Amino acid sequence: MTAHLALERLLHRERLIVAVGTATVVALAWVYLANGAGIDTDMMTEMPDMAPMPWTPVSAALLFVMWWVMMIAMMVPSAAPTVLLYAAVKRGKDDISGPVLEGWIFLSGYLLIWAGFSLMAVLAQGVLEHFGLLSMAMASTSRALGGIILLAAGLYQFTPLKRACLRYCQSPLLFLSSFWRAGAAGALRMGTRHGTYCVGCCWFLMALLFVSGVMNFVWIIGIALYVACEKMLPFGGRLSHSAGAALILSGAFLLARAA
């Protein structure tokens, strides 16, 4: 009995370490964003319609960090149930290697995929700025572009790829039972796979930031809350379709105004 209670305390402590560590990472990411993410937000506010400044290696690196930290703040909360369940199952399957360490490896693999997405987002931002389609506030200067992004994001909500990715993002148990791999290498592989499903589920939603302004804090919070609801609530599939319909209507409206 004593040994059983000691094991329960150990499991609780290790889950607590993973949970607190994950929450701390998310909190630091939100603080970084709230403080401007290294970007001159005063200039963006005072001259939102001004053309963006020329890029330098330093500014490009800052943009990459901004996007990656933004993805951490927005996506890790909805991935936390999978990370915590992985740590719990890991302890039950393997008493030799620690679930805390491999839980962090799992999360690192997840964040690695979002780092790749962040790099693609920076490249897309550079192309849009090159053609004069983004303002100093990193928002679309073209109603047509904004309408196309909204329309495409709405249509994507109804695609089989969206449904398939959302299915694994909504059910941590389904994901872990389908793709379990042992060891640290397995943890990294599972983390990258889970991150890939999450990118497949949400990448078009992140593109909406080019419509509102990449550093529009209200939109960042709104999209993060929507992603969490879509993944965690039992009616996430219906919510996805409702959001898709709303995005299609908004995109059609903007395109009509552009025409």
# chains A, B, ... in the order shown; residues from 1 in each chain; ligands from 1
$ residues_around --residues "Ala115 (chain A)" --least-positions-apart "2" --cutoff "9 Å" --atoms "only C-alpha atoms" --output "list in words"
Phe64, Val65, Trp67, Trp68, Val69, Met71, Tyr110, Leu111, Leu112, Ile113, Phe117, Ser118, Leu119 and Met120 of chain A
$ write_last_selection --atoms "N, CA, C and O atoms" --output "PDB file, in the first residue's frame"
ATOM      1  N   PHE A  64      11.298  35.936 -37.755  1.00  0.00           N
ATOM      2  CA  PHE A  64      11.181  34.494 -37.547  1.00  0.00           C
ATOM      3  C   PHE A  64      10.884  34.190 -36.084  1.00  0.00           C
ATOM      4  O   PHE A  64      10.001  33.385 -35.773  1.00  0.00           O
ATOM      5  N   VAL A  65      11.614  34.831 -35.167  1.00  0.00           N
ATOM      6  CA  VAL A  65      11.379  34.613 -33.735  1.00  0.00           C
ATOM      7  C   VAL A  65       9.966  35.046 -33.363  1.00  0.00           C
ATOM      8  O   VAL A  65       9.266  34.359 -32.596  1.00  0.00           O
ATOM      9  N   TRP A  67       7.258  35.102 -35.272  1.00  0.00           N
ATOM     10  CA  TRP A  67       6.290  34.108 -35.752  1.00  0.00           C
ATOM     11  C   TRP A  67       6.343  32.837 -34.901  1.00  0.00           C
ATOM     12  O   TRP A  67       5.308  32.268 -34.537  1.00  0.00           O
ATOM     13  N   TRP A  68       7.536  32.383 -34.585  1.00  0.00           N
ATOM     14  CA  TRP A  68       7.660  31.117 -33.837  1.00  0.00           C
ATOM     15  C   TRP A  68       7.102  31.261 -32.423  1.00  0.00           C
ATOM     16  O   TRP A  68       6.349  30.404 -31.954  1.00  0.00           O
ATOM     17  N   VAL A  69       7.444  32.364 -31.766  1.00  0.00           N
ATOM     18  CA  VAL A  69       6.908  32.586 -30.416  1.00  0.00           C
ATOM     19  C   VAL A  69       5.389  32.722 -30.468  1.00  0.00           C
ATOM     20  O   VAL A  69       4.671  32.238 -29.585  1.00  0.00           O
ATOM     21  N   MET A  71       3.411  31.244 -32.600  1.00  0.00           N
ATOM     22  CA  MET A  71       2.867  29.897 -32.756  1.00  0.00           C
ATOM     23  C   MET A  71       2.913  29.123 -31.441  1.00  0.00           C
ATOM     24  O   MET A  71       1.989  28.366 -31.119  1.00  0.00           O
ATOM     25  N   TYR A 110       7.209  18.796 -31.539  1.00  0.00           N
ATOM     26  CA  TYR A 110       6.016  19.560 -31.929  1.00  0.00           C
ATOM     27  C   TYR A 110       6.399  20.991 -32.320  1.00  0.00           C
ATOM     28  O   TYR A 110       5.982  21.501 -33.366  1.00  0.00           O
ATOM     29  N   LEU A 111       7.233  21.623 -31.490  1.00  0.00           N
ATOM     30  CA  LEU A 111       7.628  23.007 -31.751  1.00  0.00           C
ATOM     31  C   LEU A 111       8.557  23.116 -32.953  1.00  0.00           C
ATOM     32  O   LEU A 111       8.585  24.154 -33.628  1.00  0.00           O
ATOM     33  N   LEU A 112       9.312  22.068 -33.227  1.00  0.00           N
ATOM     34  CA  LEU A 112      10.194  22.067 -34.395  1.00  0.00           C
ATOM     35  C   LEU A 112       9.389  22.202 -35.685  1.00  0.00           C
ATOM     36  O   LEU A 112       9.776  22.933 -36.607  1.00  0.00           O
ATOM     37  N   ILE A 113       8.258  21.521 -35.751  1.00  0.00           N
ATOM     38  CA  ILE A 113       7.398  21.631 -36.934  1.00  0.00           C
ATOM     39  C   ILE A 113       6.847  23.042 -37.065  1.00  0.00           C
ATOM     40  O   ILE A 113       6.800  23.604 -38.174  1.00  0.00           O
ATOM     41  N   PHE A 117       7.054  25.962 -40.020  1.00  0.00           N
ATOM     42  CA  PHE A 117       5.945  26.783 -40.499  1.00  0.00           C
ATOM     43  C   PHE A 117       6.283  28.269 -40.378  1.00  0.00           C
ATOM     44  O   PHE A 117       5.982  29.060 -41.280  1.00  0.00           O
ATOM     45  N   SER A 118       6.911  28.654 -39.269  1.00  0.00           N
ATOM     46  CA  SER A 118       7.262  30.064 -39.053  1.00  0.00           C
ATOM     47  C   SER A 118       8.223  30.559 -40.128  1.00  0.00           C
ATOM     48  O   SER A 118       8.118  31.700 -40.601  1.00  0.00           O
ATOM     49  N   LEU A 119       9.164  29.707 -40.530  1.00  0.00           N
ATOM     50  CA  LEU A 119      10.082  30.073 -41.606  1.00  0.00           C
ATOM     51  C   LEU A 119       9.325  30.302 -42.905  1.00  0.00           C
ATOM     52  O   LEU A 119       9.582  31.286 -43.620  1.00  0.00           O
ATOM     53  N   MET A 120       8.366  29.434 -43.213  1.00  0.00           N
ATOM     54  CA  MET A 120       7.551  29.606 -44.414  1.00  0.00           C
ATOM     55  C   MET A 120       6.723  30.890 -44.336  1.00  0.00           C
ATOM     56  O   MET A 120       6.543  31.603 -45.336  1.00  0.00           O
TER      57      MET A 120
END
$ residues_around --residues "Glu230 (chain A)" --least-positions-apart "4" --cutoff "8 Å" --atoms "only C-alpha atoms" --output "PyMOL selection string"
chain A and resi 170+226+235-237+239-240
$ closest_atom_pairs --of "region 52-163 of chain A" --to "region 191-210 of chain A" --cutoff "9 Å" --atoms "only C-alpha atoms" --output "JSON lines"
{"residue": "A:Met71", "atom": "CA", "partner": "A:Met206", "partner_atom": "CA", "distance": 8.8}
{"residue": "A:Met75", "atom": "CA", "partner": "A:Cys198", "partner_atom": "CA", "distance": 8.2}
{"residue": "A:Ala79", "atom": "CA", "partner": "A:Cys198", "partner_atom": "CA", "distance": 8.5}
{"residue": "A:Thr82", "atom": "CA", "partner": "A:His194", "partner_atom": "CA", "distance": 8.8}
{"residue": "A:Val83", "atom": "CA", "partner": "A:Gly191", "partner_atom": "CA", "distance": 8.6}
{"residue": "A:Ile105", "atom": "CA", "partner": "A:Gly191", "partner_atom": "CA", "distance": 7.5}
{"residue": "A:Phe106", "atom": "CA", "partner": "A:Gly191", "partner_atom": "CA", "distance": 4.3}
{"residue": "A:Leu107", "atom": "CA", "partner": "A:Gly191", "partner_atom": "CA", "distance": 5.9}
{"residue": "A:Ser108", "atom": "CA", "partner": "A:Gly191", "partner_atom": "CA", "distance": 6.9}
{"residue": "A:Gly109", "atom": "CA", "partner": "A:Gly191", "partner_atom": "CA", "distance": 4.3}
{"residue": "A:Tyr110", "atom": "CA", "partner": "A:Gly195", "partner_atom": "CA", "distance": 4.4}
{"residue": "A:Leu111", "atom": "CA", "partner": "A:Gly195", "partner_atom": "CA", "distance": 6.9}
{"residue": "A:Leu112", "atom": "CA", "partner": "A:Thr192", "partner_atom": "CA", "distance": 6.9}
{"residue": "A:Ile113", "atom": "CA", "partner": "A:Gly195", "partner_atom": "CA", "distance": 5.5}
{"residue": "A:Trp114", "atom": "CA", "partner": "A:Gly195", "partner_atom": "CA", "distance": 6.8}
{"residue": "A:Phe117", "atom": "CA", "partner": "A:Val199", "partner_atom": "CA", "distance": 7.5}
{"residue": "A:Ala121", "atom": "CA", "partner": "A:Ala207", "partner_atom": "CA", "distance": 8.2}
{"residue": "A:Gln125", "atom": "CA", "partner": "A:Phe210", "partner_atom": "CA", "distance": 8.1}
{"residue": "A:Leu134", "atom": "CA", "partner": "A:Phe210", "partner_atom": "CA", "distance": 7.7}
{"residue": "A:Met138", "atom": "CA", "partner": "A:Phe210", "partner_atom": "CA", "distance": 6.6}
{"residue": "A:Ala139", "atom": "CA", "partner": "A:Phe210", "partner_atom": "CA", "distance": 5.1}
{"residue": "A:Ser140", "atom": "CA", "partner": "A:Phe210", "partner_atom": "CA", "distance": 5.8}
{"residue": "A:Gly146", "atom": "CA", "partner": "A:Phe210", "partner_atom": "CA", "distance": 7.7}
{"residue": "A:Ile149", "atom": "CA", "partner": "A:Leu208", "partner_atom": "CA", "distance": 6.7}
{"residue": "A:Leu150", "atom": "CA", "partner": "A:Leu208", "partner_atom": "CA", "distance": 6.8}
{"residue": "A:Ala152", "atom": "CA", "partner": "A:Phe204", "partner_atom": "CA", "distance": 7.8}
{"residue": "A:Ala153", "atom": "CA", "partner": "A:Phe204", "partner_atom": "CA", "distance": 5.2}
{"residue": "A:Gly154", "atom": "CA", "partner": "A:Phe204", "partner_atom": "CA", "distance": 8.6}
{"residue": "A:Tyr156", "atom": "CA", "partner": "A:Phe204", "partner_atom": "CA", "distance": 7.4}
{"residue": "A:Gln157", "atom": "CA", "partner": "A:Cys201", "partner_atom": "CA", "distance": 8.5}
{"residue": "A:Leu161", "atom": "CA", "partner": "A:Gly200", "partner_atom": "CA", "distance": 7.3}
{"residue": "A:Lys162", "atom": "CA", "partner": "A:Cys201", "partner_atom": "CA", "distance": 5.2}
{"residue": "A:Arg163", "atom": "CA", "partner": "A:Cys201", "partner_atom": "CA", "distance": 7.7}
$ write_last_selection --atoms "C-alpha atoms" --output "PDB file, in the first residue's frame"
ATOM      1  CA  MET A  71       2.867  29.897 -32.756  1.00  0.00           C
ATOM      2  CA  MET A  75      -0.780  26.367 -30.355  1.00  0.00           C
ATOM      3  CA  ALA A  79      -1.501  20.589 -27.644  1.00  0.00           C
ATOM      4  CA  THR A  82      -1.631  15.330 -25.755  1.00  0.00           C
ATOM      5  CA  VAL A  83       1.715  16.156 -24.126  1.00  0.00           C
ATOM      6  CA  ILE A 105      11.317  15.833 -26.204  1.00  0.00           C
ATOM      7  CA  PHE A 106       7.794  15.242 -27.528  1.00  0.00           C
ATOM      8  CA  LEU A 107       6.997  18.941 -27.111  1.00  0.00           C
ATOM      9  CA  SER A 108      10.297  19.901 -28.767  1.00  0.00           C
ATOM     10  CA  GLY A 109       9.391  17.843 -31.836  1.00  0.00           C
ATOM     11  CA  TYR A 110       6.016  19.560 -31.929  1.00  0.00           C
ATOM     12  CA  LEU A 111       7.628  23.007 -31.751  1.00  0.00           C
ATOM     13  CA  LEU A 112      10.194  22.067 -34.395  1.00  0.00           C
ATOM     14  CA  ILE A 113       7.398  21.631 -36.934  1.00  0.00           C
ATOM     15  CA  TRP A 114       5.960  25.017 -36.024  1.00  0.00           C
ATOM     16  CA  PHE A 117       5.945  26.783 -40.499  1.00  0.00           C
ATOM     17  CA  ALA A 121       5.436  32.429 -42.957  1.00  0.00           C
ATOM     18  CA  GLN A 125       5.642  37.840 -45.693  1.00  0.00           C
ATOM     19  CA  LEU A 134       1.601  44.467 -46.889  1.00  0.00           C
ATOM     20  CA  MET A 138       1.991  43.851 -41.626  1.00  0.00           C
ATOM     21  CA  ALA A 139      -1.615  43.904 -42.832  1.00  0.00           C
ATOM     22  CA  SER A 140      -2.903  43.441 -46.370  1.00  0.00           C
ATOM     23  CA  GLY A 146      -7.682  39.879 -48.083  1.00  0.00           C
ATOM     24  CA  ILE A 149      -7.200  34.657 -48.074  1.00  0.00           C
ATOM     25  CA  LEU A 150     -10.547  34.690 -46.238  1.00  0.00           C
ATOM     26  CA  ALA A 152      -9.476  30.158 -49.229  1.00  0.00           C
ATOM     27  CA  ALA A 153      -9.336  29.742 -45.447  1.00  0.00           C
ATOM     28  CA  GLY A 154     -13.090  29.208 -45.362  1.00  0.00           C
ATOM     29  CA  TYR A 156     -10.170  24.777 -46.473  1.00  0.00           C
ATOM     30  CA  GLN A 157     -12.347  24.179 -43.403  1.00  0.00           C
ATOM     31  CA  LEU A 161      -7.311  17.131 -45.236  1.00  0.00           C
ATOM     32  CA  LYS A 162      -8.693  19.521 -42.623  1.00  0.00           C
ATOM     33  CA  ARG A 163     -11.019  16.839 -41.244  1.00  0.00           C
TER      34      ARG A 163
END
$ select_by_dssp --residues "region 12-152 of chain A" --states "alpha helix (DSSP H)" --output "PyMOL selection string"
chain A and resi 12-34+41-46+57-93+99-130+143-152
$ closest_residue --among "A:Met66, A:Leu33, A:Glu102, A:Leu174" --to "Gly186 (chain A)" --atoms "only C-alpha atoms"
A:Glu102
$ closest_residue --among "A:Leu155, A:Ala182, A:Ala256, A:Met215" --to "Ala243 (chain A)" --atoms "only C-alpha atoms"
A:Leu155
$ residues_around --residues "Met70 (chain A)" --least-positions-apart "6" --cutoff "9 Å" --atoms "only C-alpha atoms" --output "PyMOL selection string"
chain A and resi 29-30+32-33+37+118+220
$ atom_distance --atom1 "CA of Pro77 (chain A)" --atom2 "CA of Ala184 (chain A)"
22.5 Å
$ atom_distance --atom1 "CA of Thr22 (chain A)" --atom2 "CA of Lys231 (chain A)"
17.7 Å
$ closest_residue --among "A:Lys90, A:Ala23, A:Pro234, A:Arg181" --to "Arg167 (chain A)" --atoms "only C-alpha atoms"
A:Pro234
$ decode --residues "region 101-130 of chain A" --atoms "N, CA, C and O atoms" --output "PDB file, in the first residue's frame"
ATOM      1  N   LEU A 101      11.396  13.958 -19.077  1.00  0.00           N
ATOM      2  CA  LEU A 101      12.356  14.226 -20.153  1.00  0.00           C
ATOM      3  C   LEU A 101      11.748  13.946 -21.518  1.00  0.00           C
ATOM      4  O   LEU A 101      11.830  14.783 -22.430  1.00  0.00           O
ATOM      5  N   GLU A 102      11.126  12.792 -21.653  1.00  0.00           N
ATOM      6  CA  GLU A 102      10.577  12.450 -22.962  1.00  0.00           C
ATOM      7  C   GLU A 102       9.328  13.260 -23.286  1.00  0.00           C
ATOM      8  O   GLU A 102       9.010  13.466 -24.457  1.00  0.00           O
ATOM      9  N   GLY A 103       8.644  13.740 -22.266  1.00  0.00           N
ATOM     10  CA  GLY A 103       7.543  14.676 -22.510  1.00  0.00           C
ATOM     11  C   GLY A 103       8.053  15.963 -23.137  1.00  0.00           C
ATOM     12  O   GLY A 103       7.452  16.501 -24.076  1.00  0.00           O
ATOM     13  N   TRP A 104       9.215  16.437 -22.648  1.00  0.00           N
ATOM     14  CA  TRP A 104       9.817  17.640 -23.225  1.00  0.00           C
ATOM     15  C   TRP A 104      10.351  17.378 -24.636  1.00  0.00           C
ATOM     16  O   TRP A 104      10.299  18.254 -25.494  1.00  0.00           O
ATOM     17  N   ILE A 105      10.869  16.179 -24.857  1.00  0.00           N
ATOM     18  CA  ILE A 105      11.317  15.833 -26.204  1.00  0.00           C
ATOM     19  C   ILE A 105      10.136  15.813 -27.167  1.00  0.00           C
ATOM     20  O   ILE A 105      10.219  16.305 -28.309  1.00  0.00           O
ATOM     21  N   PHE A 106       9.018  15.246 -26.728  1.00  0.00           N
ATOM     22  CA  PHE A 106       7.794  15.242 -27.528  1.00  0.00           C
ATOM     23  C   PHE A 106       7.392  16.671 -27.888  1.00  0.00           C
ATOM     24  O   PHE A 106       7.111  16.990 -29.056  1.00  0.00           O
ATOM     25  N   LEU A 107       7.373  17.546 -26.877  1.00  0.00           N
ATOM     26  CA  LEU A 107       6.997  18.941 -27.111  1.00  0.00           C
ATOM     27  C   LEU A 107       7.995  19.634 -28.032  1.00  0.00           C
ATOM     28  O   LEU A 107       7.605  20.444 -28.886  1.00  0.00           O
ATOM     29  N   SER A 108       9.281  19.298 -27.898  1.00  0.00           N
ATOM     30  CA  SER A 108      10.297  19.901 -28.767  1.00  0.00           C
ATOM     31  C   SER A 108      10.064  19.526 -30.226  1.00  0.00           C
ATOM     32  O   SER A 108      10.219  20.352 -31.128  1.00  0.00           O
ATOM     33  N   GLY A 109       9.709  18.255 -30.469  1.00  0.00           N
ATOM     34  CA  GLY A 109       9.391  17.843 -31.836  1.00  0.00           C
ATOM     35  C   GLY A 109       8.205  18.596 -32.381  1.00  0.00           C
ATOM     36  O   GLY A 109       8.196  19.006 -33.559  1.00  0.00           O
ATOM     37  N   TYR A 110       7.209  18.796 -31.539  1.00  0.00           N
ATOM     38  CA  TYR A 110       6.016  19.560 -31.929  1.00  0.00           C
ATOM     39  C   TYR A 110       6.399  20.991 -32.320  1.00  0.00           C
ATOM     40  O   TYR A 110       5.982  21.501 -33.366  1.00  0.00           O
ATOM     41  N   LEU A 111       7.233  21.623 -31.490  1.00  0.00           N
ATOM     42  CA  LEU A 111       7.628  23.007 -31.751  1.00  0.00           C
ATOM     43  C   LEU A 111       8.557  23.116 -32.953  1.00  0.00           C
ATOM     44  O   LEU A 111       8.585  24.154 -33.628  1.00  0.00           O
ATOM     45  N   LEU A 112       9.312  22.068 -33.227  1.00  0.00           N
ATOM     46  CA  LEU A 112      10.194  22.067 -34.395  1.00  0.00           C
ATOM     47  C   LEU A 112       9.389  22.202 -35.685  1.00  0.00           C
ATOM     48  O   LEU A 112       9.776  22.933 -36.607  1.00  0.00           O
ATOM     49  N   ILE A 113       8.258  21.521 -35.751  1.00  0.00           N
ATOM     50  CA  ILE A 113       7.398  21.631 -36.934  1.00  0.00           C
ATOM     51  C   ILE A 113       6.847  23.042 -37.065  1.00  0.00           C
ATOM     52  O   ILE A 113       6.800  23.604 -38.174  1.00  0.00           O
ATOM     53  N   TRP A 114       6.461  23.644 -35.957  1.00  0.00           N
ATOM     54  CA  TRP A 114       5.960  25.017 -36.024  1.00  0.00           C
ATOM     55  C   TRP A 114       7.067  26.019 -36.333  1.00  0.00           C
ATOM     56  O   TRP A 114       6.801  27.098 -36.879  1.00  0.00           O
ATOM     57  N   ALA A 115       8.310  25.666 -36.018  1.00  0.00           N
ATOM     58  CA  ALA A 115       9.437  26.508 -36.439  1.00  0.00           C
ATOM     59  C   ALA A 115       9.549  26.490 -37.960  1.00  0.00           C
ATOM     60  O   ALA A 115       9.802  27.522 -38.597  1.00  0.00           O
ATOM     61  N   GLY A 116       9.361  25.305 -38.555  1.00  0.00           N
ATOM     62  CA  GLY A 116       9.358  25.217 -40.016  1.00  0.00           C
ATOM     63  C   GLY A 116       8.244  26.029 -40.627  1.00  0.00           C
ATOM     64  O   GLY A 116       8.438  26.733 -41.633  1.00  0.00           O
ATOM     65  N   PHE A 117       7.054  25.962 -40.020  1.00  0.00           N
ATOM     66  CA  PHE A 117       5.945  26.783 -40.499  1.00  0.00           C
ATOM     67  C   PHE A 117       6.283  28.269 -40.378  1.00  0.00           C
ATOM     68  O   PHE A 117       5.982  29.060 -41.280  1.00  0.00           O
ATOM     69  N   SER A 118       6.911  28.654 -39.269  1.00  0.00           N
ATOM     70  CA  SER A 118       7.262  30.064 -39.053  1.00  0.00           C
ATOM     71  C   SER A 118       8.223  30.559 -40.128  1.00  0.00           C
ATOM     72  O   SER A 118       8.118  31.700 -40.601  1.00  0.00           O
ATOM     73  N   LEU A 119       9.164  29.707 -40.530  1.00  0.00           N
ATOM     74  CA  LEU A 119      10.082  30.073 -41.606  1.00  0.00           C
ATOM     75  C   LEU A 119       9.325  30.302 -42.905  1.00  0.00           C
ATOM     76  O   LEU A 119       9.582  31.286 -43.620  1.00  0.00           O
ATOM     77  N   MET A 120       8.366  29.434 -43.213  1.00  0.00           N
ATOM     78  CA  MET A 120       7.551  29.606 -44.414  1.00  0.00           C
ATOM     79  C   MET A 120       6.723  30.890 -44.336  1.00  0.00           C
ATOM     80  O   MET A 120       6.543  31.603 -45.336  1.00  0.00           O
ATOM     81  N   ALA A 121       6.222  31.210 -43.136  1.00  0.00           N
ATOM     82  CA  ALA A 121       5.436  32.429 -42.957  1.00  0.00           C
ATOM     83  C   ALA A 121       6.285  33.678 -43.199  1.00  0.00           C
ATOM     84  O   ALA A 121       5.837  34.654 -43.817  1.00  0.00           O
ATOM     85  N   VAL A 122       7.533  33.645 -42.723  1.00  0.00           N
ATOM     86  CA  VAL A 122       8.443  34.778 -42.949  1.00  0.00           C
ATOM     87  C   VAL A 122       8.722  34.945 -44.436  1.00  0.00           C
ATOM     88  O   VAL A 122       8.727  36.070 -44.963  1.00  0.00           O
ATOM     89  N   LEU A 123       8.955  33.837 -45.136  1.00  0.00           N
ATOM     90  CA  LEU A 123       9.199  33.907 -46.578  1.00  0.00           C
ATOM     91  C   LEU A 123       7.979  34.459 -47.309  1.00  0.00           C
ATOM     92  O   LEU A 123       8.109  35.286 -48.219  1.00  0.00           O
ATOM     93  N   ALA A 124       6.781  34.004 -46.908  1.00  0.00           N
ATOM     94  CA  ALA A 124       5.552  34.514 -47.521  1.00  0.00           C
ATOM     95  C   ALA A 124       5.398  36.001 -47.245  1.00  0.00           C
ATOM     96  O   ALA A 124       5.015  36.780 -48.137  1.00  0.00           O
ATOM     97  N   GLN A 125       5.727  36.423 -46.035  1.00  0.00           N
ATOM     98  CA  GLN A 125       5.642  37.840 -45.693  1.00  0.00           C
ATOM     99  C   GLN A 125       6.611  38.655 -46.543  1.00  0.00           C
ATOM    100  O   GLN A 125       6.272  39.753 -47.014  1.00  0.00           O
ATOM    101  N   GLY A 126       7.807  38.116 -46.756  1.00  0.00           N
ATOM    102  CA  GLY A 126       8.775  38.819 -47.584  1.00  0.00           C
ATOM    103  C   GLY A 126       8.286  38.987 -49.021  1.00  0.00           C
ATOM    104  O   GLY A 126       8.465  40.055 -49.622  1.00  0.00           O
ATOM    105  N   VAL A 127       7.671  37.954 -49.571  1.00  0.00           N
ATOM    106  CA  VAL A 127       7.144  38.034 -50.939  1.00  0.00           C
ATOM    107  C   VAL A 127       6.023  39.067 -51.020  1.00  0.00           C
ATOM    108  O   VAL A 127       5.981  39.897 -51.948  1.00  0.00           O
ATOM    109  N   LEU A 128       5.113  39.040 -50.050  1.00  0.00           N
ATOM    110  CA  LEU A 128       3.998  39.989 -50.060  1.00  0.00           C
ATOM    111  C   LEU A 128       4.492  41.427 -49.928  1.00  0.00           C
ATOM    112  O   LEU A 128       3.984  42.334 -50.593  1.00  0.00           O
ATOM    113  N   GLU A 129       5.494  41.636 -49.059  1.00  0.00           N
ATOM    114  CA  GLU A 129       6.043  42.988 -48.901  1.00  0.00           C
ATOM    115  C   GLU A 129       6.768  43.423 -50.172  1.00  0.00           C
ATOM    116  O   GLU A 129       6.698  44.598 -50.563  1.00  0.00           O
ATOM    117  N   HIS A 130       7.441  42.502 -50.835  1.00  0.00           N
ATOM    118  CA  HIS A 130       8.157  42.825 -52.074  1.00  0.00           C
ATOM    119  C   HIS A 130       7.202  43.366 -53.135  1.00  0.00           C
ATOM    120  O   HIS A 130       7.555  44.283 -53.893  1.00  0.00           O
TER     121      HIS A 130
END
